[in-house]
>>> print(open('my_file_24.txt').read())   # compact mmCIF, C-alpha atoms
# COMPACT_ATOMS: atom_id res chain seq x y z
CA MET U 1 46.46 -49.09 -94.20
CA ASP U 2 45.18 -46.76 -91.49
CA ILE U 3 41.48 -46.23 -92.13
CA LYS U 4 41.59 -42.95 -90.20
CA LYS U 5 44.10 -41.42 -92.60
CA ILE U 6 41.93 -41.96 -95.67
CA PRO U 7 40.26 -38.66 -96.66
CA TRP U 8 36.68 -40.01 -96.49
CA GLY U 9 35.12 -36.56 -96.62
CA GLU U 10 36.97 -35.70 -99.80
CA LEU U 11 36.08 -39.08 -101.27
CA ALA U 12 32.42 -38.37 -100.46
CA THR U 13 32.56 -34.97 -102.16
CA SER U 14 34.26 -36.52 -105.19
CA ALA U 15 31.56 -39.18 -105.41
CA LEU U 16 28.94 -36.43 -105.19
CA ILE U 17 30.59 -34.60 -108.10
CA VAL U 18 30.59 -37.78 -110.22
CA SER U 19 26.97 -38.39 -109.20
CA VAL U 20 25.94 -34.83 -110.16
CA VAL U 21 27.68 -34.96 -113.55
CA SER U 22 26.26 -38.40 -114.41
CA GLY U 23 22.85 -37.32 -113.05
CA ILE U 24 22.81 -34.33 -115.41
CA ILE U 25 23.60 -36.66 -118.34
CA VAL U 26 20.83 -39.11 -117.35
CA ALA U 27 18.38 -36.20 -116.89
CA TYR U 28 18.63 -35.36 -120.60
CA GLN U 29 16.66 -38.51 -121.41
CA TYR U 30 14.67 -39.01 -118.20
CA GLU U 31 11.01 -37.99 -118.36
CA VAL U 32 9.29 -37.39 -115.06
CA SER U 33 5.86 -37.87 -116.67
CA GLU U 34 6.90 -41.33 -117.90
CA PRO U 35 9.43 -42.38 -115.30
CA PHE U 36 9.42 -46.13 -115.80
CA ILE U 37 9.26 -46.09 -119.60
CA SER U 38 11.99 -43.49 -119.89
CA THR U 39 14.23 -45.38 -117.46
CA VAL U 40 13.72 -48.61 -119.40
CA ALA U 41 14.52 -46.68 -122.60
CA ILE U 42 17.70 -45.25 -121.05
CA ASP U 43 18.78 -48.76 -120.05
CA GLY U 44 17.71 -50.66 -123.10
CA LEU U 45 17.52 -48.41 -126.12
CA LEU U 46 19.75 -45.39 -125.84
CA PRO U 47 23.46 -45.66 -126.62
CA PHE U 48 25.52 -45.85 -123.41
CA GLY U 49 22.32 -45.25 -121.39
CA ARG U 50 22.87 -48.32 -119.23
CA PHE U 51 26.41 -47.15 -118.45
CA PHE U 52 25.42 -43.58 -117.54
CA ARG U 53 22.56 -44.72 -115.31
CA ALA U 54 24.83 -47.25 -113.60
CA LEU U 55 27.47 -44.53 -113.15
CA HIS U 56 24.88 -42.28 -111.51
CA PHE U 57 23.58 -45.13 -109.37
CA TYR U 58 26.94 -46.38 -108.09
CA SER U 59 28.56 -42.96 -107.58
CA SER U 60 25.52 -42.02 -105.47
CA GLN U 61 25.86 -45.24 -103.48
CA PHE U 62 29.56 -44.47 -102.93
CA PHE U 63 28.69 -40.97 -101.77
CA VAL U 64 26.35 -42.23 -99.05
CA VAL U 65 28.71 -45.00 -97.94
CA PHE U 66 31.66 -42.55 -97.80
CA ILE U 67 29.67 -39.99 -95.84
CA PHE U 68 28.72 -42.70 -93.28
CA ILE U 69 32.35 -43.76 -92.87
CA HIS U 70 33.52 -40.12 -92.77
CA THR U 71 31.10 -39.41 -89.92
CA LEU U 72 32.15 -42.45 -87.89
CA VAL U 73 35.87 -41.88 -88.41
CA GLU U 74 35.78 -38.16 -87.64
CA ILE U 75 33.63 -38.58 -84.54
CA LYS U 76 36.21 -41.02 -83.17
CA LYS U 77 39.11 -38.75 -84.05
CA ARG U 78 38.07 -35.52 -82.35
CA ASP U 79 36.24 -34.32 -79.28
CA ILE U 80 32.76 -33.47 -80.49
CA ARG U 81 32.09 -31.19 -77.52
CA THR U 82 34.53 -28.65 -78.95
CA TYR U 83 32.43 -28.34 -82.11
CA PRO U 84 30.02 -25.36 -82.29
CA PRO U 85 26.62 -27.03 -81.58
CA TRP U 86 24.71 -25.27 -84.38
CA ARG U 87 27.37 -26.08 -86.99
CA TRP U 88 27.44 -29.69 -85.80
CA PHE U 89 23.64 -29.87 -86.00
CA VAL U 90 23.60 -28.61 -89.61
CA LEU U 91 26.34 -31.04 -90.62
CA THR U 92 24.60 -34.05 -89.10
CA MET U 93 21.50 -33.14 -91.09
CA THR U 94 23.48 -33.87 -94.25
CA ILE U 95 23.32 -37.59 -93.35
CA PRO U 96 19.51 -37.95 -93.54
CA ALA U 97 19.58 -35.56 -96.52
CA ALA U 98 22.08 -37.83 -98.31
CA VAL U 99 20.01 -40.94 -97.52
CA PHE U 100 16.83 -39.25 -98.70
CA ALA U 101 18.49 -38.02 -101.90
CA LEU U 102 19.59 -41.59 -102.60
CA PHE U 103 16.16 -42.88 -101.71
CA THR U 104 14.40 -40.51 -104.12
CA GLY U 105 16.65 -41.94 -106.84
CA TYR U 106 15.16 -45.37 -106.18
CA VAL U 107 11.64 -43.95 -106.38
CA LEU U 108 12.37 -42.05 -109.62
CA ARG U 109 13.06 -45.18 -111.65
CA TYR U 110 9.48 -46.20 -110.72
CA ASP U 111 9.73 -49.93 -111.20
CA ALA U 112 8.02 -52.22 -108.67
CA THR U 113 10.65 -51.40 -106.02
CA GLY U 114 10.51 -47.67 -106.76
CA ARG U 115 6.71 -47.55 -106.67
CA SER U 116 6.57 -49.46 -103.40
CA ALA U 117 9.33 -47.35 -101.87
CA GLY U 118 7.49 -44.17 -102.84
CA ALA U 119 4.16 -45.41 -101.49
CA ILE U 120 5.72 -46.52 -98.18
CA ALA U 121 7.65 -43.25 -97.75
CA GLU U 122 4.50 -41.27 -98.46
CA HIS U 123 2.44 -43.20 -95.92
CA LEU U 124 5.18 -42.98 -93.30
CA ILE U 125 5.67 -39.25 -93.73
CA ALA U 126 1.91 -38.72 -93.54
CA LYS U 127 1.99 -40.46 -90.15
CA VAL U 128 4.25 -37.78 -88.62
CA PRO U 129 2.05 -36.11 -86.01
CA LEU U 130 0.59 -32.67 -86.91
CA ILE U 131 2.77 -31.84 -89.90
CA GLY U 132 2.72 -35.21 -91.69
CA HIS U 133 0.21 -34.25 -94.36
CA ILE U 134 1.93 -30.93 -95.08
CA LEU U 135 5.33 -32.64 -95.29
CA ASP U 136 3.91 -35.16 -97.72
CA ARG U 137 2.50 -32.40 -99.93
CA PHE U 138 5.86 -30.62 -99.94
CA ILE U 139 8.10 -33.63 -100.53
CA ILE U 140 6.28 -36.55 -102.18
CA ALA U 141 2.51 -36.38 -103.00
CA ILE U 142 2.82 -39.03 -105.74
CA PRO U 143 -0.89 -39.92 -106.16
CA ASN U 144 -1.80 -36.34 -107.08
CA GLU U 145 1.40 -34.92 -108.49
CA GLY U 146 3.18 -37.92 -109.98
CA LEU U 147 6.92 -37.82 -109.43
CA ASN U 148 7.27 -34.04 -109.89
CA ARG U 149 7.96 -33.28 -106.26
CA VAL U 150 10.16 -36.31 -105.72
CA TYR U 151 12.27 -35.21 -108.70
CA LEU U 152 12.35 -31.64 -107.42
CA PHE U 153 13.59 -32.84 -104.04
CA HIS U 154 16.13 -35.15 -105.65
CA ILE U 155 17.70 -32.08 -107.25
CA ILE U 156 17.23 -29.69 -104.31
CA LEU U 157 18.84 -32.12 -101.87
CA THR U 158 21.80 -32.68 -104.17
CA ILE U 159 22.44 -28.93 -104.41
CA LEU U 160 22.00 -28.60 -100.65
CA LEU U 161 24.43 -31.44 -99.97
CA TRP U 162 27.05 -29.88 -102.18
CA VAL U 163 26.64 -26.45 -100.61
CA LEU U 164 26.72 -27.80 -97.05
CA GLY U 165 29.49 -30.30 -97.67
CA THR U 166 31.81 -27.87 -99.40
CA TRP U 167 31.25 -24.15 -98.83
CA TYR U 168 29.78 -24.56 -95.36
CA HIS U 169 31.87 -27.46 -94.11
CA THR U 170 35.30 -27.36 -95.74
CA LYS U 171 35.20 -23.84 -97.24
CA ARG U 172 36.37 -25.15 -100.58
CA PRO U 173 34.05 -26.08 -103.41
CA ILE U 174 36.28 -28.54 -105.22
CA VAL U 175 38.47 -31.50 -104.33
CA THR U 176 41.99 -32.56 -105.21
CA LYS U 177 42.48 -33.98 -108.66
CA ASN U 178 43.85 -37.30 -107.42
CA THR U 179 40.87 -38.05 -105.18
CA LEU U 180 38.39 -37.07 -107.86
CA ASN U 181 40.21 -39.22 -110.42
CA PHE U 182 40.28 -42.16 -108.05
CA VAL U 183 36.53 -42.02 -107.32
CA ALA U 184 35.66 -41.35 -110.97
CA ILE U 185 37.68 -44.38 -112.13
CA LEU U 186 36.21 -46.55 -109.34
CA ALA U 187 32.66 -45.53 -110.30
CA ILE U 188 33.32 -45.97 -114.03
CA ILE U 189 34.75 -49.47 -113.55
CA THR U 190 31.82 -50.44 -111.30
CA ALA U 191 29.34 -49.06 -113.85
CA ILE U 192 30.98 -51.00 -116.66
CA ILE U 193 30.84 -54.26 -114.70
CA PHE U 194 27.44 -53.88 -112.99
CA SER U 195 24.16 -52.48 -114.29
CA ALA U 196 21.98 -50.32 -112.05
CA PRO U 197 19.14 -52.44 -110.66
CA MET U 198 15.77 -52.39 -112.42
CA ASP U 199 12.76 -54.66 -111.90
CA GLU U 200 11.17 -56.26 -114.92
CA PRO U 201 7.69 -54.93 -115.64
CA GLY U 202 4.61 -56.96 -114.72
CA LEU U 203 6.35 -59.32 -112.34
CA ASN U 204 3.88 -60.92 -109.94
CA VAL U 205 6.30 -61.25 -107.05
CA THR U 206 5.32 -61.92 -103.47
CA LEU U 207 8.32 -60.19 -101.93
CA ILE U 208 10.00 -56.94 -102.92
CA LYS U 209 13.15 -55.98 -101.07
CA GLY U 210 13.53 -52.23 -100.74
CA PRO U 211 16.78 -50.20 -100.86
CA TRP U 212 19.55 -51.82 -98.79
CA PHE U 213 19.62 -49.00 -96.25
CA PHE U 214 15.89 -49.43 -95.50
CA LEU U 215 15.75 -53.23 -95.24
CA ALA U 216 15.72 -53.10 -91.43
CA VAL U 217 12.81 -50.65 -91.42
CA GLN U 218 10.98 -52.84 -93.95
CA GLU U 219 11.41 -55.88 -91.70
CA LEU U 220 10.21 -54.03 -88.61
CA LEU U 221 7.18 -52.59 -90.43
CA ARG U 222 5.84 -56.13 -90.69
CA TYR U 223 5.46 -56.33 -86.92
CA ILE U 224 5.50 -52.86 -85.38
CA PRO U 225 3.16 -49.89 -86.02
CA PRO U 226 4.53 -47.55 -88.73
CA ILE U 227 4.96 -44.58 -86.40
CA PHE U 228 7.52 -46.55 -84.34
CA ALA U 229 9.13 -48.74 -87.00
CA GLY U 230 9.17 -46.20 -89.80
CA ILE U 231 9.64 -42.88 -88.04
CA ILE U 232 10.79 -43.01 -84.41
CA TYR U 233 13.24 -45.93 -84.78
CA PRO U 234 15.20 -44.60 -87.79
CA ILE U 235 15.11 -40.97 -86.64
CA THR U 236 16.33 -41.61 -83.07
CA PRO U 237 20.07 -41.97 -83.90
CA VAL U 238 19.93 -38.91 -86.17
CA VAL U 239 18.46 -36.77 -83.38
CA ILE U 240 20.99 -38.10 -80.86
CA LEU U 241 23.86 -37.47 -83.29
CA ALA U 242 22.60 -33.95 -83.97
CA PHE U 243 22.71 -33.07 -80.27
CA LEU U 244 25.84 -35.11 -79.46
CA PRO U 245 28.00 -32.15 -78.32
CA ARG U 246 25.41 -31.29 -75.67
CA PHE U 247 25.48 -34.67 -73.91
CA LYS U 248 27.70 -34.78 -70.82
CA ASP U 249 27.82 -38.56 -70.55
CA GLN U 250 29.24 -39.38 -73.97
CA ILE U 251 29.94 -43.06 -73.16
CA SER U 252 26.26 -43.90 -72.47
CA VAL U 253 25.24 -42.14 -75.67
CA TRP U 254 27.80 -44.06 -77.66
CA LEU U 255 26.69 -47.32 -76.08
CA PHE U 256 23.12 -46.56 -77.09
CA LEU U 257 24.13 -45.64 -80.65
CA TYR U 258 26.18 -48.85 -81.05
CA MET U 259 23.28 -50.93 -79.73
CA TRP U 260 20.97 -49.22 -82.20
CA LEU U 261 23.43 -49.87 -85.03
CA ILE U 262 23.71 -53.57 -84.10
CA SER U 263 19.89 -53.88 -83.99
CA TYR U 264 19.70 -52.21 -87.42
CA ILE U 265 22.30 -54.55 -88.91
CA VAL U 266 20.55 -57.62 -87.46
CA CYS U 267 17.14 -56.54 -88.86
CA THR U 268 18.77 -55.79 -92.22
CA LEU U 269 20.31 -59.26 -92.33
CA ILE U 270 16.98 -60.93 -91.44
CA MET U 271 15.23 -59.11 -94.26
CA TRP U 272 18.09 -59.62 -96.69
CA LEU U 273 18.21 -63.37 -96.07
CA SER U 274 14.43 -63.86 -96.15
CA MET F 1 14.72 -9.39 -73.69
CA THR F 2 14.18 -5.64 -74.06
CA ARG F 3 11.00 -4.16 -75.46
CA ARG F 4 12.88 -3.03 -78.54
CA SER F 5 14.30 -6.48 -79.29
CA PHE F 6 10.91 -8.08 -78.56
CA LEU F 7 9.20 -5.79 -81.06
CA LYS F 8 11.97 -6.36 -83.58
CA ASN F 9 11.74 -10.16 -83.25
CA SER F 10 7.94 -10.03 -83.43
CA PHE F 11 8.16 -7.98 -86.59
CA TRP F 12 10.41 -10.55 -88.26
CA ILE F 13 8.27 -13.48 -87.11
CA ILE F 14 5.12 -11.82 -88.51
CA LEU F 15 6.94 -11.02 -91.76
CA LEU F 16 8.13 -14.62 -92.01
CA GLY F 17 4.60 -15.87 -91.36
CA MET F 18 3.24 -13.58 -94.05
CA GLY F 19 5.80 -14.96 -96.47
CA ALA F 20 5.29 -18.59 -95.44
CA TYR F 21 1.49 -18.55 -95.70
CA PRO F 22 1.28 -18.03 -99.49
CA LEU F 23 4.01 -20.64 -99.97
CA TYR F 24 2.11 -23.12 -97.79
CA GLU F 25 -1.19 -22.49 -99.59
CA PHE F 26 0.42 -22.77 -103.02
CA VAL F 27 2.26 -26.04 -102.34
CA VAL F 28 -0.34 -27.83 -100.22
CA SER F 29 -3.37 -27.09 -102.43
CA LYS F 30 -4.48 -29.92 -104.69
CA ARG F 31 -5.64 -29.37 -108.23
CA ILE F 32 -8.94 -31.19 -108.73
CA HIS F 33 -8.70 -34.17 -111.02
CA PRO F 34 -11.71 -36.23 -112.09
CA PRO F 35 -11.55 -39.99 -111.54
CA LYS F 36 -9.76 -41.86 -114.27
CA GLU F 37 -12.06 -44.05 -116.38
CA VAL F 38 -10.56 -47.37 -117.42
CA ARG F 39 -12.53 -49.00 -120.25
CA ILE F 40 -12.31 -52.77 -120.53
CA HIS F 41 -13.66 -54.13 -123.79
CA LYS F 42 -13.94 -57.70 -122.70
CA HIS F 43 -16.87 -59.69 -121.37
CA LEU F 44 -16.05 -61.81 -118.34
CA LEU F 45 -18.02 -64.80 -117.10
CA PRO F 46 -18.65 -65.31 -113.37
CA GLY F 47 -15.41 -66.53 -111.79
CA GLN F 48 -13.21 -64.87 -114.40
CA TYR F 49 -11.01 -61.88 -113.66
CA ILE F 50 -8.66 -59.43 -115.31
CA GLY F 51 -5.74 -57.54 -113.76
CA TYR F 52 -4.75 -53.89 -114.25
CA PRO F 53 -2.01 -51.82 -112.63
CA LYS F 54 -4.43 -50.16 -110.18
CA PHE F 55 -7.08 -52.88 -109.67
CA TYR F 56 -8.34 -56.36 -110.40
CA LEU F 57 -11.80 -56.79 -111.90
CA PHE F 58 -13.69 -59.93 -110.88
CA GLU F 59 -16.97 -60.99 -112.45
CA THR F 60 -19.34 -62.64 -109.97
CA LYS F 61 -22.93 -63.91 -110.04
CA ASN F 62 -23.94 -60.66 -108.36
CA GLY F 63 -22.09 -58.42 -110.77
CA PRO F 64 -18.53 -57.16 -111.26
CA ILE F 65 -16.24 -56.10 -108.42
CA ALA F 66 -13.16 -53.90 -108.94
CA VAL F 67 -10.70 -54.41 -106.08
CA SER F 68 -7.97 -51.80 -105.56
CA ARG F 69 -4.39 -53.04 -105.54
CA LYS F 70 -3.28 -50.41 -103.03
CA CYS F 71 -2.35 -52.11 -99.78
CA THR F 72 -4.15 -50.59 -96.79
CA HIS F 73 -0.98 -50.89 -94.67
CA LEU F 74 1.48 -48.56 -96.41
CA GLY F 75 0.22 -48.28 -99.97
CA CYS F 76 2.33 -50.86 -101.84
CA THR F 77 0.80 -52.55 -104.89
CA VAL F 78 -0.56 -55.96 -103.92
CA ASN F 79 -0.26 -58.90 -106.32
CA TYR F 80 -2.92 -61.51 -107.01
CA GLU F 81 -2.10 -65.15 -106.45
CA PRO F 82 -4.61 -67.14 -108.55
CA ASN F 83 -3.76 -70.48 -106.92
CA LEU F 84 -4.49 -69.15 -103.46
CA LYS F 85 -7.24 -66.77 -104.65
CA MET F 86 -5.77 -64.03 -102.54
CA PHE F 87 -3.83 -60.78 -102.77
CA ILE F 88 -0.39 -60.67 -101.17
CA CYS F 89 1.48 -57.46 -100.44
CA PRO F 90 5.11 -57.87 -101.56
CA CYS F 91 6.38 -55.25 -99.11
CA HIS F 92 5.17 -56.43 -95.70
CA GLN F 93 3.20 -59.59 -96.50
CA SER F 94 -0.36 -58.50 -95.70
CA ARG F 95 -2.91 -60.88 -97.22
CA PHE F 96 -6.40 -60.26 -98.55
CA MET F 97 -9.10 -62.46 -100.07
CA TRP F 98 -9.87 -62.12 -103.78
CA ASN F 99 -12.70 -59.70 -102.95
CA GLY F 100 -10.38 -57.48 -100.87
CA THR F 101 -11.33 -58.76 -97.42
CA TYR F 102 -8.43 -58.62 -94.97
CA ILE F 103 -6.97 -61.98 -93.91
CA SER F 104 -3.68 -61.38 -92.11
CA GLY F 105 -0.58 -59.18 -91.79
CA PRO F 106 0.18 -55.61 -90.74
CA ALA F 107 -2.74 -54.05 -92.70
CA ASP F 108 -4.54 -54.63 -89.43
CA GLY F 109 -8.11 -55.47 -90.39
CA LYS F 110 -8.49 -52.91 -93.18
CA ASN F 111 -9.97 -54.32 -96.41
CA LEU F 112 -8.78 -53.30 -99.86
CA ALA F 113 -10.84 -50.51 -101.41
CA ARG F 114 -13.34 -51.14 -104.21
CA PHE F 115 -13.84 -48.91 -107.23
CA PRO F 116 -17.19 -48.19 -108.90
CA VAL F 117 -17.81 -50.30 -112.01
CA LYS F 118 -20.31 -49.70 -114.83
CA VAL F 119 -21.27 -52.54 -117.18
CA LEU F 120 -21.38 -51.41 -120.81
CA LYS F 121 -24.46 -52.06 -122.95
CA ASN F 122 -24.84 -55.45 -124.64
CA ASN F 123 -22.15 -56.90 -122.36
CA GLU F 124 -19.46 -55.15 -124.37
CA GLY F 125 -17.31 -54.71 -121.30
CA TYR F 126 -16.88 -52.46 -118.30
CA VAL F 127 -15.83 -49.00 -117.18
CA VAL F 128 -13.95 -48.81 -113.89
CA PHE F 129 -13.74 -45.40 -112.19
CA VAL F 130 -10.37 -45.10 -110.48
CA PRO F 131 -10.29 -42.11 -108.11
CA ARG F 132 -7.22 -39.86 -108.47
CA GLY F 133 -4.78 -40.71 -105.73
CA ALA F 134 -6.00 -44.30 -105.44
>>> encode(input="my_file_24.txt", output="structure tokens")
Amino acid sequence: MDIKKIPWGELATSALIVSVVSGIIVAYQYEVSEPFISTVAIDGLLPFGRFFRALHFYSSQFFVVFIFIHTLVEIKKRDIRTYPPWRWFVLTMTIPAAVFALFTGYVLRYDATGRSAGAIAEHLIAKVPLIGHILDRFIIAIPNEGLNRVYLFHIILTILLWVLGTWYHTKRPIVTKNTLNFVAILAIITAIIFSAPMDEPGLNVTLIKGPWFFLAVQELLRYIPPIFAGIIYPITPVVILAFLPRFKDQISVWLFLYMWLISYIVCTLIMWLS
Amino acid sequence: MTRRSFLKNSFWIILLGMGAYPLYEFVVSKRIHPPKEVRIHKHLLPGQYIGYPKFYLFETKNGPIAVSRKCTHLGCTVNYEPNLKMFICPCHQSRFMWNGTYISGPADGKNLARFPVKVLKNNEGYVVFVPRGA
């Protein structure tokens, strides 16, 4: 099977649609004022709650994984320098937006992992020079506002991703029936087999592992100041990718990006295995 | 840039600024919340402690101490290890003594915060004042 012929972009959009639909269903019983209790209730008490939350969780995971693969495959296929720079810039911003949307989902369940993830994100954002505090107030601000703003951003980013990924990018708001069916069935089967993760309350653990896509950052934060490990290091490839069409020496840029990716995978593995 | 286009751009920038300022003020402002009072109806003897989601309360010979569980590195909730008599951060492994004094790890010398504690009359218990945002 030729990986380049698989419609990754369409798969990503389909996963987003499944994620949105399942997210709306979960939202009927989710209470932002009691995030942990309502999530536990969805999982443990409400009929089919565990399935719907797992469906939302795994379809969202699929969306982010598909969008990563779509980016890598498409960049290899075509000459990026022919792409209009502004359009390319906007599209690359969908990658951090997708990751952040997924991340806010982890925070919203507000178990030990979610609470820690929220606290770390808040402290890291506040460390952005000059605008850190303002950014924090706009996006997170958990100690004063609870999860209101995180929830708001979870929804805003999802709408933004759909708008950018469809109307702006492909000019069509929906996907083919076959692709949607395939992703929906894949997500449903996964959700039937696996539950969405949830920490037990009151666990006195000495190590919490964050979301899989932030394990490398978590590992580095143990040794390197937050501004480097938590902001500069993860943002560097996004900035480079955003301005990729403007670089004349594409090979050096690619070499750098691959080296960064390898370092990220190595740090992830160290944290994962610890 | 011609004078006309300069004036036109300036007009739009000023208009945008005028629109952004109220938005900024509205979103960034904090509503004032009083500290949360946690009442503990239990009398502890020196050396005993009790854990809550936001703090641990230790009774000592010199009076009670409420130690915040918010890690001074990046804000994770630290857990108390009774065998080691220390707090360990599950996120990045900073360590603190039972009284919040920094021992090791990326928290970089910063001790855990302490919250004000009031002892109730007739040793009926304690009130811990947890600041909003702590």
>>> closest_atom_pairs(input="my_file_24.txt", of="chain F", to="chain U", cutoff="6 Å", atoms="all atoms listed in the file", output="CSV")
residue,atom,partner,partner_atom,distance
F:Val28,CA,U:Arg137,CA,5.4
F:Leu74,CA,U:Ile120,CA,5.0
F:Gly75,CA,U:Ala119,CA,5.1
F:Cys76,CA,U:Ser116,CA,4.7
F:Asn79,CA,U:Asn204,CA,5.9
F:Pro90,CA,U:Leu207,CA,4.0
F:Cys91,CA,U:Ile208,CA,5.5
F:His92,CA,U:Arg222,CA,5.1
F:Pro106,CA,U:Arg222,CA,5.7
F:Gly133,CA,U:Pro143,CA,4.0
>>> residues_around(input="my_file_24.txt", residues="Val78 (chain F)", least_positions_apart="3", cutoff="10 Å", atoms="all atoms listed in the file", output="MDAnalysis selection string")
(chainID U and resid 116 204:206) or (chainID F and resid 53:55 68:72 75 81 86:91 93:96 112)
>>> closest_residue(input="my_file_24.txt", among="U:Leu130, U:Val65, U:Ala242, U:Leu91", to="Val163 (chain U)", atoms="all atoms listed in the file")
U:Leu91
>>> atom_distance(input="my_file_24.txt", atom1="CA of Ile140 (chain U)", atom2="CA of Phe153 (chain U)")
8.4 Å
>>> closest_residue(input="my_file_24.txt", among="F:Leu7, F:Thr2, F:His73, F:Tyr56", to="Ser104 (chain F)", atoms="all atoms listed in the file")
F:His73
>>> atom_distance(input="my_file_24.txt", atom1="CA of Tyr58 (chain U)", atom2="CA of Leu45 (chain U)")
20.4 Å
>>> residues_around(input="my_file_24.txt", residues="region 43-49 of chain F", least_positions_apart="2", cutoff="9 Å", atoms="only C-alpha atoms", output="list in words")
Ile40, His41, Gly51, Tyr56, Leu57, Phe58, Glu59, Thr60, Lys61, Asn62, Gly63, Pro64, Asn123, Glu124, Gly125 and Tyr126 of chain F
>>> atom_distance(input="my_file_24.txt", atom1="CA of Val150 (chain U)", atom2="CA of Val107 (chain U)")
7.8 Å
>>> closest_residue(input="my_file_24.txt", among="U:Leu257, U:Val175, U:Leu16, U:Ile67", to="Val239 (chain U)", atoms="all atoms listed in the file")
U:Leu257
>>> residues_around(input="my_file_24.txt", residues="Leu11 (chain U)", least_positions_apart="4", cutoff="7 Å", atoms="all atoms listed in the file", output="PyMOL selection string")
chain U and resi 7+15+66+179+183
>>> write_last_selection(input="my_file_24.txt", atoms="C-alpha atoms", output="short mmCIF file (atom, residue, chain, number, x, y, z; two decimals), keeping the file's coordinate frame")
data_model
loop_
_atom_site.label_atom_id
_atom_site.label_comp_id
_atom_site.auth_asym_id
_atom_site.auth_seq_id
_atom_site.Cartn_x
_atom_site.Cartn_y
_atom_site.Cartn_z
CA PRO U 7 40.26 -38.66 -96.66
CA ALA U 15 31.56 -39.18 -105.41
CA PHE U 66 31.66 -42.55 -97.80
CA THR U 179 40.87 -38.05 -105.18
CA VAL U 183 36.53 -42.02 -107.32
#
>>> axis_aligned_box(input="my_file_24.txt", around="region 174-180 of chain U", padding_each_side="8 Å", output="lines of an AutoDock Vina configuration file")
center_x = 40.1
center_y = -33.3
center_z = -106.5
size_x = 23.6
size_y = 25.5
size_z = 20.3
